[in-house]
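Shown below: coords.pdb, with PDB, C-alpha atoms, pLDDT in the B column.
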```
ATOM      1  CA  MET A   1       0.000   0.000   0.000  1.00 88.00           C
ATOM      2  CA  GLU A   2       1.313   3.461  -0.897  1.00 95.00           C
ATOM      3  CA  PHE A   3       2.524   5.519   2.088  1.00 97.00           C
ATOM      4  CA  ASN A   4      -0.012   8.363   1.933  1.00 96.00           C
ATOM      5  CA  GLU A   5      -2.901   5.954   1.409  1.00 97.00           C
ATOM      6  CA  PHE A   6      -1.803   3.912   4.410  1.00 97.00           C
ATOM      7  CA  ILE A   7      -1.505   6.994   6.631  1.00 98.00           C
ATOM      8  CA  PHE A   8      -5.003   8.133   5.607  1.00 98.00           C
ATOM      9  CA  LYS A   9      -6.502   4.726   6.388  1.00 98.00           C
ATOM     10  CA  LEU A  10      -4.596   4.512   9.671  1.00 98.00           C
ATOM     11  CA  GLU A  11      -5.833   7.929  10.769  1.00 98.00           C
ATOM     12  CA  GLN A  12      -9.413   6.901  10.006  1.00 98.00           C
ATOM     13  CA  ARG A  13      -8.995   3.589  11.839  1.00 98.00           C
ATOM     14  CA  LEU A  14      -7.659   5.349  14.934  1.00 98.00           C
ATOM     15  CA  LEU A  15     -10.969   7.201  15.234  1.00 97.00           C
ATOM     16  CA  LYS A  16     -12.702   3.885  15.897  1.00 97.00           C
ATOM     17  CA  PRO A  17     -12.491   1.750  19.080  1.00 97.00           C
ATOM     18  CA  LEU A  18      -8.975   0.408  19.614  1.00 98.00           C
ATOM     19  CA  PRO A  19      -8.075  -3.291  20.066  1.00 97.00           C
ATOM     20  CA  GLY A  20      -6.958  -2.344  23.579  1.00 95.00           C
ATOM     21  CA  ARG A  21      -5.449  -4.436  26.341  1.00 90.00           C
ATOM     22  CA  SER A  22      -6.348  -7.777  24.729  1.00 91.00           C
ATOM     23  CA  ALA A  23      -4.011  -6.948  21.824  1.00 95.00           C
ATOM     24  CA  GLN A  24      -1.268  -5.820  24.205  1.00 93.00           C
ATOM     25  CA  LEU A  25      -1.446  -9.006  26.251  1.00 90.00           C
ATOM     26  CA  LYS A  26      -0.718 -11.172  23.206  1.00 92.00           C
ATOM     27  CA  MET A  27       2.933 -10.164  23.653  1.00 93.00           C
ATOM     28  CA  SER A  28       3.010 -10.251  27.442  1.00 87.00           C
ATOM     29  CA  SER A  29       4.739 -12.677  29.803  1.00 76.00           C
ATOM     30  CA  LEU A  30       2.794 -14.281  32.656  1.00 63.00           C
ATOM     31  CA  PRO A  31       4.495 -12.143  35.356  1.00 58.00           C
ATOM     32  CA  ARG A  32       3.506  -9.006  33.432  1.00 62.00           C
ATOM     33  CA  ILE A  33      -0.117 -10.180  33.223  1.00 61.00           C
ATOM     34  CA  GLN A  34      -0.108 -10.791  36.975  1.00 59.00           C
ATOM     35  CA  GLU A  35       1.349  -7.341  37.639  1.00 60.00           C
ATOM     36  CA  LEU A  36      -1.195  -5.680  35.363  1.00 58.00           C
ATOM     37  CA  ALA A  37      -3.996  -7.430  37.245  1.00 56.00           C
ATOM     38  CA  LYS A  38      -2.883  -5.572  40.392  1.00 59.00           C
ATOM     39  CA  PHE A  39      -2.613  -2.236  38.618  1.00 57.00           C
ATOM     40  CA  TYR A  40      -6.183  -1.020  38.965  1.00 50.00           C
ATOM     41  CA  SER A  41      -5.767  -0.420  42.699  1.00 47.00           C
ATOM     42  CA  ARG A  42      -2.806   1.945  42.201  1.00 52.00           C
ATOM     43  CA  GLU A  43      -3.437   3.727  38.908  1.00 56.00           C
ATOM     44  CA  GLU A  44      -3.535   7.126  40.602  1.00 62.00           C
ATOM     45  CA  PHE A  45       0.059   6.676  41.783  1.00 75.00           C
ATOM     46  CA  ALA A  46       1.545   5.945  38.334  1.00 83.00           C
ATOM     47  CA  LYS A  47       3.827   8.469  36.634  1.00 91.00           C
ATOM     48  CA  GLN A  48       2.525   9.784  33.313  1.00 95.00           C
ATOM     49  CA  SER A  49       4.677   9.295  30.223  1.00 96.00           C
ATOM     50  CA  SER A  50       4.374   8.894  26.461  1.00 98.00           C
ATOM     51  CA  VAL A  51       6.245   7.334  23.542  1.00 98.00           C
ATOM     52  CA  LEU A  52       6.226   8.087  19.833  1.00 98.00           C
ATOM     53  CA  ILE A  53       5.529   5.643  17.020  1.00 98.00           C
ATOM     54  CA  LEU A  54       6.922   7.637  14.102  1.00 98.00           C
ATOM     55  CA  LEU A  55       6.013   6.242  10.663  1.00 98.00           C
ATOM     56  CA  TYR A  56       7.920   7.296   7.561  1.00 98.00           C
ATOM     57  CA  PRO A  57       8.949   6.019   4.100  1.00 98.00           C
ATOM     58  CA  LEU A  58      11.807   3.517   4.345  1.00 97.00           C
ATOM     59  CA  ASP A  59      13.341   1.686   1.363  1.00 94.00           C
ATOM     60  CA  GLY A  60      10.133   1.790  -0.652  1.00 95.00           C
ATOM     61  CA  THR A  61       7.945   0.686   2.241  1.00 97.00           C
ATOM     62  CA  ILE A  62       6.945   2.020   5.693  1.00 98.00           C
ATOM     63  CA  GLY A  63       9.292   2.166   8.653  1.00 98.00           C
ATOM     64  CA  PHE A  64       9.375   3.276  12.268  1.00 98.00           C
ATOM     65  CA  VAL A  65      12.176   3.941  14.719  1.00 98.00           C
ATOM     66  CA  LEU A  66      13.192   2.138  17.897  1.00 98.00           C
ATOM     67  CA  MET A  67      16.259   2.603  20.065  1.00 97.00           C
ATOM     68  CA  LEU A  68      18.531   0.410  22.122  1.00 96.00           C
ATOM     69  CA  ARG A  69      19.052   1.763  25.609  1.00 91.00           C
ATOM     70  CA  PRO A  70      22.609   1.647  26.994  1.00 87.00           C
ATOM     71  CA  GLU A  71      23.558  -0.565  29.913  1.00 77.00           C
ATOM     72  CA  TYR A  72      22.899   1.215  33.197  1.00 69.00           C
ATOM     73  CA  ARG A  73      21.686   0.489  36.708  1.00 64.00           C
ATOM     74  CA  GLY A  74      17.975   0.486  36.035  1.00 56.00           C
ATOM     75  CA  VAL A  75      15.017  -1.725  35.146  1.00 57.00           C
ATOM     76  CA  HIS A  76      15.149  -1.017  31.395  1.00 54.00           C
ATOM     77  CA  SER A  77      18.914  -1.350  30.956  1.00 66.00           C
ATOM     78  CA  GLY A  78      19.931  -2.646  27.519  1.00 77.00           C
ATOM     79  CA  GLN A  79      16.346  -2.946  26.270  1.00 88.00           C
ATOM     80  CA  ILE A  80      14.882  -1.870  22.943  1.00 95.00           C
ATOM     81  CA  SER A  81      12.199   0.784  23.259  1.00 96.00           C
ATOM     82  CA  LEU A  82      10.243   3.435  21.439  1.00 98.00           C
ATOM     83  CA  PRO A  83      11.544   6.975  21.926  1.00 98.00           C
ATOM     84  CA  GLY A  84       9.741   8.819  24.680  1.00 97.00           C
ATOM     85  CA  GLY A  85       9.764   9.465  28.379  1.00 95.00           C
ATOM     86  CA  LYS A  86       8.279  11.080  31.469  1.00 96.00           C
ATOM     87  CA  TYR A  87       5.738  13.891  31.358  1.00 97.00           C
ATOM     88  CA  GLU A  88       7.142  17.090  32.860  1.00 96.00           C
ATOM     89  CA  ASP A  89       5.094  19.852  34.479  1.00 95.00           C
ATOM     90  CA  THR A  90       6.244  22.224  31.733  1.00 96.00           C
ATOM     91  CA  ASP A  91       4.855  19.939  28.982  1.00 97.00           C
ATOM     92  CA  GLU A  92       1.603  21.160  27.488  1.00 97.00           C
ATOM     93  CA  SER A  93       0.395  17.613  26.725  1.00 98.00           C
ATOM     94  CA  LEU A  94       1.515  13.995  26.476  1.00 98.00           C
ATOM     95  CA  ILE A  95       1.856  14.517  22.723  1.00 98.00           C
ATOM     96  CA  TYR A  96       4.322  17.299  23.456  1.00 98.00           C
ATOM     97  CA  THR A  97       6.160  14.948  25.838  1.00 98.00           C
ATOM     98  CA  ALA A  98       6.523  12.284  23.154  1.00 98.00           C
ATOM     99  CA  LEU A  99       7.849  14.792  20.622  1.00 98.00           C
ATOM    100  CA  ARG A 100      10.191  16.500  23.093  1.00 98.00           C
ATOM    101  CA  GLU A 101      11.689  13.246  24.322  1.00 98.00           C
ATOM    102  CA  SER A 102      12.027  11.870  20.783  1.00 98.00           C
ATOM    103  CA  GLN A 103      13.863  15.004  19.722  1.00 98.00           C
ATOM    104  CA  GLU A 104      16.220  14.661  22.681  1.00 97.00           C
ATOM    105  CA  GLU A 105      16.819  10.926  22.234  1.00 97.00           C
ATOM    106  CA  VAL A 106      16.916  10.312  18.477  1.00 98.00           C
ATOM    107  CA  GLY A 107      17.068  13.814  16.985  1.00 98.00           C
ATOM    108  CA  ILE A 108      13.717  14.078  15.221  1.00 97.00           C
ATOM    109  CA  ASP A 109      12.404  17.490  14.177  1.00 98.00           C
ATOM    110  CA  PRO A 110       8.972  17.898  15.832  1.00 98.00           C
ATOM    111  CA  ALA A 111       7.996  20.465  13.182  1.00 97.00           C
ATOM    112  CA  GLN A 112       8.184  17.702  10.551  1.00 97.00           C
ATOM    113  CA  VAL A 113       5.897  15.294  12.452  1.00 98.00           C
ATOM    114  CA  GLN A 114       2.131  15.121  11.958  1.00 98.00           C
ATOM    115  CA  ILE A 115       0.265  13.484  14.856  1.00 98.00           C
ATOM    116  CA  ILE A 116      -2.673  11.301  13.804  1.00 98.00           C
ATOM    117  CA  GLY A 117      -3.765   9.546  16.981  1.00 98.00           C
ATOM    118  CA  GLN A 118      -2.964   7.489  20.030  1.00 98.00           C
ATOM    119  CA  LEU A 119      -3.060   3.856  21.122  1.00 98.00           C
ATOM    120  CA  THR A 120      -4.294   2.408  24.399  1.00 97.00           C
ATOM    121  CA  GLU A 121      -2.323   3.574  27.419  1.00 94.00           C
ATOM    122  CA  MET A 122      -0.325   0.883  29.179  1.00 90.00           C
ATOM    123  CA  TYR A 123       1.068   0.466  32.662  1.00 87.00           C
ATOM    124  CA  ILE A 124       4.711  -0.603  33.097  1.00 84.00           C
ATOM    125  CA  PRO A 125       5.039  -2.241  36.539  1.00 78.00           C
ATOM    126  CA  PRO A 126       8.863  -2.209  36.998  1.00 74.00           C
ATOM    127  CA  SER A 127       9.101   1.574  36.607  1.00 80.00           C
ATOM    128  CA  ASN A 128       5.538   2.540  37.647  1.00 83.00           C
ATOM    129  CA  PHE A 129       4.872   4.470  34.431  1.00 89.00           C
ATOM    130  CA  LEU A 130       1.536   4.816  32.680  1.00 92.00           C
ATOM    131  CA  VAL A 131       2.519   5.156  29.028  1.00 95.00           C
ATOM    132  CA  THR A 132       0.466   6.732  26.251  1.00 97.00           C
ATOM    133  CA  PRO A 133       1.646   5.659  22.758  1.00 98.00           C
ATOM    134  CA  VAL A 134       1.357   8.550  20.301  1.00 98.00           C
ATOM    135  CA  ILE A 135       1.299   7.871  16.540  1.00 98.00           C
ATOM    136  CA  GLY A 136       2.720  10.350  14.054  1.00 98.00           C
ATOM    137  CA  TYR A 137       4.208  10.348  10.586  1.00 98.00           C
ATOM    138  CA  GLN A 138       6.821  12.165   8.568  1.00 98.00           C
ATOM    139  CA  SER A 139       6.657  12.345   4.773  1.00 96.00           C
ATOM    140  CA  SER A 140      10.389  11.722   4.343  1.00 96.00           C
ATOM    141  CA  GLN A 141      12.909   9.531   6.137  1.00 96.00           C
ATOM    142  CA  PRO A 142      14.210  11.420   9.202  1.00 97.00           C
ATOM    143  CA  HIS A 143      17.883  12.107   9.800  1.00 96.00           C
ATOM    144  CA  PHE A 144      18.308  10.514  13.196  1.00 98.00           C
ATOM    145  CA  LYS A 145      20.951  11.529  15.700  1.00 97.00           C
ATOM    146  CA  ALA A 146      21.278   9.501  18.896  1.00 97.00           C
ATOM    147  CA  ASP A 147      21.900  11.071  22.281  1.00 96.00           C
ATOM    148  CA  PRO A 148      24.821   8.923  23.499  1.00 93.00           C
ATOM    149  CA  LYS A 149      23.721   9.260  27.121  1.00 92.00           C
ATOM    150  CA  GLU A 150      20.315   7.700  26.428  1.00 91.00           C
ATOM    151  CA  VAL A 151      20.686   5.725  23.193  1.00 96.00           C
ATOM    152  CA  ALA A 152      23.238   3.040  22.385  1.00 95.00           C
ATOM    153  CA  LYS A 153      21.860   2.443  18.873  1.00 96.00           C
ATOM    154  CA  ILE A 154      19.084   3.673  16.619  1.00 98.00           C
ATOM    155  CA  ILE A 155      17.086   0.829  15.075  1.00 98.00           C
ATOM    156  CA  GLU A 156      14.899   1.295  12.010  1.00 98.00           C
ATOM    157  CA  ILE A 157      12.204  -1.347  11.577  1.00 98.00           C
ATOM    158  CA  LYS A 158      10.051  -2.015   8.525  1.00 98.00           C
ATOM    159  CA  LEU A 159       6.349  -2.311   9.246  1.00 98.00           C
ATOM    160  CA  ASP A 160       6.247  -5.379   6.968  1.00 98.00           C
ATOM    161  CA  ASP A 161       8.657  -7.144   9.345  1.00 98.00           C
ATOM    162  CA  LEU A 162       6.394  -6.369  12.288  1.00 98.00           C
ATOM    163  CA  MET A 163       3.498  -7.933  10.371  1.00 98.00           C
ATOM    164  CA  ASP A 164       5.469 -11.110   9.531  1.00 98.00           C
ATOM    165  CA  LYS A 165       4.256 -13.826  11.931  1.00 97.00           C
ATOM    166  CA  GLY A 166       7.558 -15.633  11.443  1.00 97.00           C
ATOM    167  CA  ASN A 167       9.227 -12.830  13.415  1.00 98.00           C
ATOM    168  CA  MET A 168       7.069 -13.512  16.489  1.00 97.00           C
ATOM    169  CA  GLN A 169       9.175 -15.811  18.659  1.00 96.00           C
ATOM    170  CA  MET A 170       9.641 -16.883  22.259  1.00 94.00           C
ATOM    171  CA  LYS A 171      12.989 -15.701  23.621  1.00 90.00           C
ATOM    172  CA  LYS A 172      14.642 -16.250  26.993  1.00 87.00           C
ATOM    173  CA  MET A 173      15.197 -12.866  28.630  1.00 81.00           C
ATOM    174  CA  LYS A 174      16.293 -11.706  32.059  1.00 71.00           C
ATOM    175  CA  LEU A 175      13.467  -9.918  33.850  1.00 64.00           C
ATOM    176  CA  SER A 176      13.924  -6.945  36.158  1.00 57.00           C
ATOM    177  CA  VAL A 177      13.019  -9.126  39.141  1.00 55.00           C
ATOM    178  CA  GLY A 178      16.251 -11.043  38.577  1.00 61.00           C
ATOM    179  CA  PHE A 179      15.272 -14.324  36.924  1.00 67.00           C
ATOM    180  CA  SER A 180      15.099 -15.377  33.281  1.00 77.00           C
ATOM    181  CA  LEU A 181      11.920 -16.368  31.482  1.00 82.00           C
ATOM    182  CA  GLU A 182      10.834 -17.193  27.951  1.00 87.00           C
ATOM    183  CA  VAL A 183       8.781 -14.243  26.748  1.00 89.00           C
ATOM    184  CA  PRO A 184       6.929 -13.436  23.509  1.00 94.00           C
ATOM    185  CA  SER A 185       8.982 -11.131  21.329  1.00 96.00           C
ATOM    186  CA  TYR A 186       9.493  -9.774  17.838  1.00 98.00           C
ATOM    187  CA  PHE A 187      12.845 -11.014  16.527  1.00 97.00           C
ATOM    188  CA  ILE A 188      13.710  -8.678  13.649  1.00 98.00           C
ATOM    189  CA  ASP A 189      17.150  -8.235  12.074  1.00 96.00           C
ATOM    190  CA  GLY A 190      18.749  -9.766  15.142  1.00 95.00           C
ATOM    191  CA  ASN A 191      16.902  -7.404  17.494  1.00 96.00           C
ATOM    192  CA  ILE A 192      14.772  -8.845  20.316  1.00 95.00           C
ATOM    193  CA  ILE A 193      11.807  -6.551  20.940  1.00 96.00           C
ATOM    194  CA  TRP A 194       9.919  -7.614  24.054  1.00 93.00           C
ATOM    195  CA  GLY A 195       8.159  -6.314  27.157  1.00 90.00           C
ATOM    196  CA  ALA A 196       6.220  -3.064  27.024  1.00 92.00           C
ATOM    197  CA  THR A 197       7.493  -2.146  23.560  1.00 96.00           C
ATOM    198  CA  ALA A 198       6.331  -5.452  22.076  1.00 96.00           C
ATOM    199  CA  MET A 199       2.956  -5.039  23.782  1.00 95.00           C
ATOM    200  CA  ILE A 200       2.473  -1.557  22.336  1.00 97.00           C
ATOM    201  CA  LEU A 201       3.508  -2.745  18.870  1.00 98.00           C
ATOM    202  CA  SER A 202       1.115  -5.678  19.185  1.00 98.00           C
ATOM    203  CA  GLU A 203      -1.817  -3.265  19.285  1.00 98.00           C
ATOM    204  CA  LEU A 204      -0.416  -1.383  16.289  1.00 98.00           C
ATOM    205  CA  ARG A 205      -0.095  -4.695  14.478  1.00 98.00           C
ATOM    206  CA  GLU A 206      -3.771  -5.532  15.144  1.00 98.00           C
ATOM    207  CA  ILE A 207      -4.806  -2.168  13.743  1.00 98.00           C
ATOM    208  CA  VAL A 208      -2.739  -2.657  10.582  1.00 98.00           C
ATOM    209  CA  ILE A 209      -4.336  -6.085  10.113  1.00 98.00           C
ATOM    210  CA  ASP A 210      -7.750  -4.410  10.366  1.00 97.00           C
ATOM    211  CA  ILE A 211      -6.728  -1.896   7.695  1.00 97.00           C
ATOM    212  CA  HIS A 212      -5.557  -4.616   5.304  1.00 94.00           C
ATOM    213  CA  ASN A 213      -8.758  -6.621   5.889  1.00 95.00           C
ATOM    214  CA  SER A 214     -11.118  -3.696   5.367  1.00 87.00           C
TER
END
```
How does the structure come out when it is put into C-alpha cells?
Amino acid sequence: MEFNEFIFKLEQRLLKPLPGRSAQLKMSSLPRIQELAKFYSREEFAKQSSVLILLYPLDGTIGFVLMLRPEYRGVHSGQISLPGGKYEDTDESLIYTALRESQEEVGIDPAQVQIIGQLTEMYIPPSNFLVTPVIGYQSSQPHFKADPKEVAKIIEIKLDDLMDKGNMQMKKMKLSVGFSLEVPSYFIDGNIIWGATAMILSELREIVIDIHNS
C-alpha cells in the first residue's frame, strides 16, 4: 500500500475503538499479566509518560524507529524501546512529551511530524509508568541523531517485518526481578523486541491487520 494511502486509512482507523489491552497481552509474559492485574488499585500513583511511534517512508515501504538503551543500573537497561519518556510539568500535553523526548533521544524534528492519533495507554510495573503511545508520521525519512547518554543504537524497523508472523518468537530474557523467562517477542534483524514495547507494537499490528482486511 502506498505511504499516503496507508496513513489516511490509519488515521481513520484510529478514530474507531482500539483493540486495547487484549491486543497488548498477546505479547506479554505471565508475570507481566499478573502485575497488570494488580494495577487497577494503584493507577492514581503511576507516573505519566508517552512514547512516539513515528512512521515514515523507508526503502520503498513504511518504517518506524526504535532505540537500544545503553547498559545502566535500572530496570530497562539494555532494552529496545520506542523513543519517549516522562511527562514534565512544563509539557503542554503527552503529545508534546513524546515529541520533546524523541527530539532529545533520536534527533527528530517535531515540526516535521504530523500526529494522527494514540493507542491504548499501558502500565509498566517495573518503573511505575503509565505510558500513552502517540502515533505520528513524517513524509520523508528522518535524519536521526542519537543522544549517546540515552541511546546506544538507533534501530529502524520495517512495518512489513512487524506484520510477519515468522518474526514472532519466544525468547529467553532476564526480567527486572532477577530471573530469566521465555517471553513473547518480535525477533527482527537480530533485534529482540519484548516487554512493554512489544505489547504496544502488538496493538499497532492488530490495527494494521484491520486496515488490510477492510
For the atom pair CA of Leu54 in chain A and CA of Thr132 in chain A, what is the interatomic distance in Å to one decimal place?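 Taking CA of Leu54 in chain A as the start and CA of Thr132 in chain A as the end point, the length is 13.8 Å.
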Name the residues in contact with Gly195 in chain A at a cut-off of 8 Å, using only C-alpha atoms, excluding same-chain residues fewer than 2 positions from it; report them as a PDB file with C-alpha atoms, keeping the file's coordinate frame.
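Below is the file out39.pdb, written as the result:
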```
ATOM      1  CA  MET A  27       2.933 -10.164  23.653  1.00 93.00           C
ATOM      2  CA  SER A  28       3.010 -10.251  27.442  1.00 87.00           C
ATOM      3  CA  SER A  29       4.739 -12.677  29.803  1.00 76.00           C
ATOM      4  CA  VAL A 183       8.781 -14.243  26.748  1.00 89.00           C
ATOM      5  CA  SER A 185       8.982 -11.131  21.329  1.00 96.00           C
ATOM      6  CA  ILE A 193      11.807  -6.551  20.940  1.00 96.00           C
ATOM      7  CA  THR A 197       7.493  -2.146  23.560  1.00 96.00           C
ATOM      8  CA  ALA A 198       6.331  -5.452  22.076  1.00 96.00           C
ATOM      9  CA  MET A 199       2.956  -5.039  23.782  1.00 95.00           C
TER      10      MET A 199
END
```
Within 8 Å of (12.1, 6.8, 8.4) (file coordinates; only C-alpha atoms), which protein or nucleic acid residues are there? I'd like them as a JSON list (two decimals) with C-alpha atoms, in the coordinates of the input.
```
[["chain", "number", "residue", "atom", "x", "y", "z"],
["A", 54, "LEU", "CA", 6.92, 7.64, 14.10],
["A", 55, "LEU", "CA", 6.01, 6.24, 10.66],
["A", 56, "TYR", "CA", 7.92, 7.30, 7.56],
["A", 57, "PRO", "CA", 8.95, 6.02, 4.10],
["A", 58, "LEU", "CA", 11.81, 3.52, 4.34],
["A", 62, "ILE", "CA", 6.94, 2.02, 5.69],
["A", 63, "GLY", "CA", 9.29, 2.17, 8.65],
["A", 64, "PHE", "CA", 9.38, 3.28, 12.27],
["A", 65, "VAL", "CA", 12.18, 3.94, 14.72],
["A", 138, "GLN", "CA", 6.82, 12.16, 8.57],
["A", 140, "SER", "CA", 10.39, 11.72, 4.34],
["A", 141, "GLN", "CA", 12.91, 9.53, 6.14],
["A", 142, "PRO", "CA", 14.21, 11.42, 9.20],
["A", 143, "HIS", "CA", 17.88, 12.11, 9.80],
["A", 156, "GLU", "CA", 14.90, 1.30, 12.01]]
```
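Straight-line separation from CA of Leu82 in chain A to CA of Ser214 in chain A: 27.7 Å.
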Closest to Phe129 in chain A among A:Lys165, A:Glu5, A:Tyr87, A:Phe144, using only C-alpha atoms? A:Tyr87
Could you expand the PyMOL selection byres ((chain A and resi 50) around 7) into the explicit residues it covers here, written as a PyMOL selection string? chain A and resi 49+51-52+84-86+94+97-98+131-134
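Minimum atom-to-atom distance to Ile200 in chain A, evaluated using all atoms listed in the file, belongs to A:Tyr123 out of A:Phe6, A:Phe45, A:Tyr137, A:Tyr123.
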Kindly add N, CA and C atoms to the incomplete range 174-202 of chain A and provide the output as a PDB file, keeping the file's coordinate frame.
```
ATOM      1  N   LYS A 174      16.168 -11.936  30.628  1.00 71.00           N
ATOM      2  CA  LYS A 174      16.293 -11.706  32.059  1.00 71.00           C
ATOM      3  C   LYS A 174      15.336 -10.592  32.465  1.00 71.00           C
ATOM      4  N   LEU A 175      14.443 -10.900  33.402  1.00 64.00           N
ATOM      5  CA  LEU A 175      13.467  -9.918  33.850  1.00 64.00           C
ATOM      6  C   LEU A 175      14.065  -9.027  34.928  1.00 64.00           C
ATOM      7  N   SER A 176      13.408  -7.889  35.175  1.00 57.00           N
ATOM      8  CA  SER A 176      13.924  -6.945  36.158  1.00 57.00           C
ATOM      9  C   SER A 176      13.915  -7.509  37.572  1.00 57.00           C
ATOM     10  N   VAL A 177      13.077  -8.527  37.809  1.00 55.00           N
ATOM     11  CA  VAL A 177      13.019  -9.126  39.141  1.00 55.00           C
ATOM     12  C   VAL A 177      14.191 -10.068  39.383  1.00 55.00           C
ATOM     13  N   GLY A 178      15.013 -10.317  38.358  1.00 61.00           N
ATOM     14  CA  GLY A 178      16.251 -11.043  38.577  1.00 61.00           C
ATOM     15  C   GLY A 178      16.335 -12.431  37.988  1.00 61.00           C
ATOM     16  N   PHE A 179      15.203 -12.993  37.514  1.00 67.00           N
ATOM     17  CA  PHE A 179      15.272 -14.324  36.924  1.00 67.00           C
ATOM     18  C   PHE A 179      14.955 -14.259  35.435  1.00 67.00           C
ATOM     19  N   SER A 180      15.317 -15.313  34.727  1.00 77.00           N
ATOM     20  CA  SER A 180      15.099 -15.377  33.281  1.00 77.00           C
ATOM     21  C   SER A 180      13.821 -16.137  32.965  1.00 77.00           C
ATOM     22  N   LEU A 181      13.191 -15.768  31.863  1.00 82.00           N
ATOM     23  CA  LEU A 181      11.920 -16.368  31.482  1.00 82.00           C
ATOM     24  C   LEU A 181      11.775 -16.270  29.970  1.00 82.00           C
ATOM     25  N   GLU A 182      11.154 -17.279  29.372  1.00 87.00           N
ATOM     26  CA  GLU A 182      10.834 -17.193  27.951  1.00 87.00           C
ATOM     27  C   GLU A 182       9.642 -16.251  27.784  1.00 87.00           C
ATOM     28  N   VAL A 183       9.825 -15.252  26.940  1.00 89.00           N
ATOM     29  CA  VAL A 183       8.781 -14.243  26.748  1.00 89.00           C
ATOM     30  C   VAL A 183       8.472 -14.097  25.268  1.00 89.00           C
ATOM     31  N   PRO A 184       7.247 -13.706  24.914  1.00 94.00           N
ATOM     32  CA  PRO A 184       6.929 -13.436  23.509  1.00 94.00           C
ATOM     33  C   PRO A 184       7.697 -12.209  23.039  1.00 94.00           C
ATOM     34  N   SER A 185       8.200 -12.252  21.841  1.00 96.00           N
ATOM     35  CA  SER A 185       8.982 -11.131  21.329  1.00 96.00           C
ATOM     36  C   SER A 185       8.860 -11.060  19.812  1.00 96.00           C
ATOM     37  N   TYR A 186       9.268  -9.914  19.270  1.00 98.00           N
ATOM     38  CA  TYR A 186       9.493  -9.774  17.838  1.00 98.00           C
ATOM     39  C   TYR A 186      11.000  -9.873  17.636  1.00 98.00           C
ATOM     40  N   PHE A 187      11.421 -10.825  16.813  1.00 97.00           N
ATOM     41  CA  PHE A 187      12.845 -11.014  16.527  1.00 97.00           C
ATOM     42  C   PHE A 187      13.088 -10.555  15.102  1.00 97.00           C
ATOM     43  N   ILE A 188      13.592  -9.321  14.961  1.00 98.00           N
ATOM     44  CA  ILE A 188      13.710  -8.678  13.649  1.00 98.00           C
ATOM     45  C   ILE A 188      15.141  -8.182  13.454  1.00 98.00           C
ATOM     46  N   ASP A 189      15.776  -8.655  12.394  1.00 96.00           N
ATOM     47  CA  ASP A 189      17.150  -8.235  12.074  1.00 96.00           C
ATOM     48  C   ASP A 189      18.091  -8.407  13.260  1.00 96.00           C
ATOM     49  N   GLY A 190      17.896  -9.490  14.000  1.00 95.00           N
ATOM     50  CA  GLY A 190      18.749  -9.766  15.142  1.00 95.00           C
ATOM     51  C   GLY A 190      18.376  -9.012  16.402  1.00 95.00           C
ATOM     52  N   ASN A 191      17.348  -8.182  16.338  1.00 96.00           N
ATOM     53  CA  ASN A 191      16.902  -7.404  17.494  1.00 96.00           C
ATOM     54  C   ASN A 191      15.750  -8.109  18.203  1.00 96.00           C
ATOM     55  N   ILE A 192      15.836  -8.231  19.517  1.00 95.00           N
ATOM     56  CA  ILE A 192      14.772  -8.845  20.316  1.00 95.00           C
ATOM     57  C   ILE A 192      13.947  -7.720  20.942  1.00 95.00           C
ATOM     58  N   ILE A 193      12.714  -7.599  20.470  1.00 96.00           N
ATOM     59  CA  ILE A 193      11.807  -6.551  20.940  1.00 96.00           C
ATOM     60  C   ILE A 193      10.767  -7.226  21.837  1.00 96.00           C
ATOM     61  N   TRP A 194      10.788  -6.914  23.115  1.00 93.00           N
ATOM     62  CA  TRP A 194       9.919  -7.614  24.054  1.00 93.00           C
ATOM     63  C   TRP A 194       9.407  -6.629  25.109  1.00 93.00           C
ATOM     64  N   GLY A 195       8.651  -7.160  26.073  1.00 90.00           N
ATOM     65  CA  GLY A 195       8.159  -6.314  27.157  1.00 90.00           C
ATOM     66  C   GLY A 195       7.154  -5.287  26.686  1.00 90.00           C
ATOM     67  N   ALA A 196       7.199  -4.107  27.305  1.00 92.00           N
ATOM     68  CA  ALA A 196       6.220  -3.064  27.024  1.00 92.00           C
ATOM     69  C   ALA A 196       6.226  -2.640  25.563  1.00 92.00           C
ATOM     70  N   THR A 197       7.409  -2.567  24.966  1.00 96.00           N
ATOM     71  CA  THR A 197       7.493  -2.146  23.560  1.00 96.00           C
ATOM     72  C   THR A 197       6.783  -3.134  22.654  1.00 96.00           C
ATOM     73  N   ALA A 198       7.006  -4.425  22.880  1.00 96.00           N
ATOM     74  CA  ALA A 198       6.331  -5.452  22.076  1.00 96.00           C
ATOM     75  C   ALA A 198       4.821  -5.390  22.279  1.00 96.00           C
ATOM     76  N   MET A 199       4.390  -5.109  23.496  1.00 95.00           N
ATOM     77  CA  MET A 199       2.956  -5.039  23.782  1.00 95.00           C
ATOM     78  C   MET A 199       2.308  -3.857  23.065  1.00 95.00           C
ATOM     79  N   ILE A 200       2.986  -2.724  23.058  1.00 97.00           N
ATOM     80  CA  ILE A 200       2.473  -1.557  22.336  1.00 97.00           C
ATOM     81  C   ILE A 200       2.405  -1.846  20.835  1.00 97.00           C
ATOM     82  N   LEU A 201       3.474  -2.437  20.300  1.00 98.00           N
ATOM     83  CA  LEU A 201       3.508  -2.745  18.870  1.00 98.00           C
ATOM     84  C   LEU A 201       2.501  -3.821  18.498  1.00 98.00           C
ATOM     85  N   SER A 202       2.133  -4.660  19.444  1.00 98.00           N
ATOM     86  CA  SER A 202       1.115  -5.678  19.185  1.00 98.00           C
ATOM     87  C   SER A 202      -0.237  -5.036  18.873  1.00 98.00           C
TER      88      SER A 202
END
```
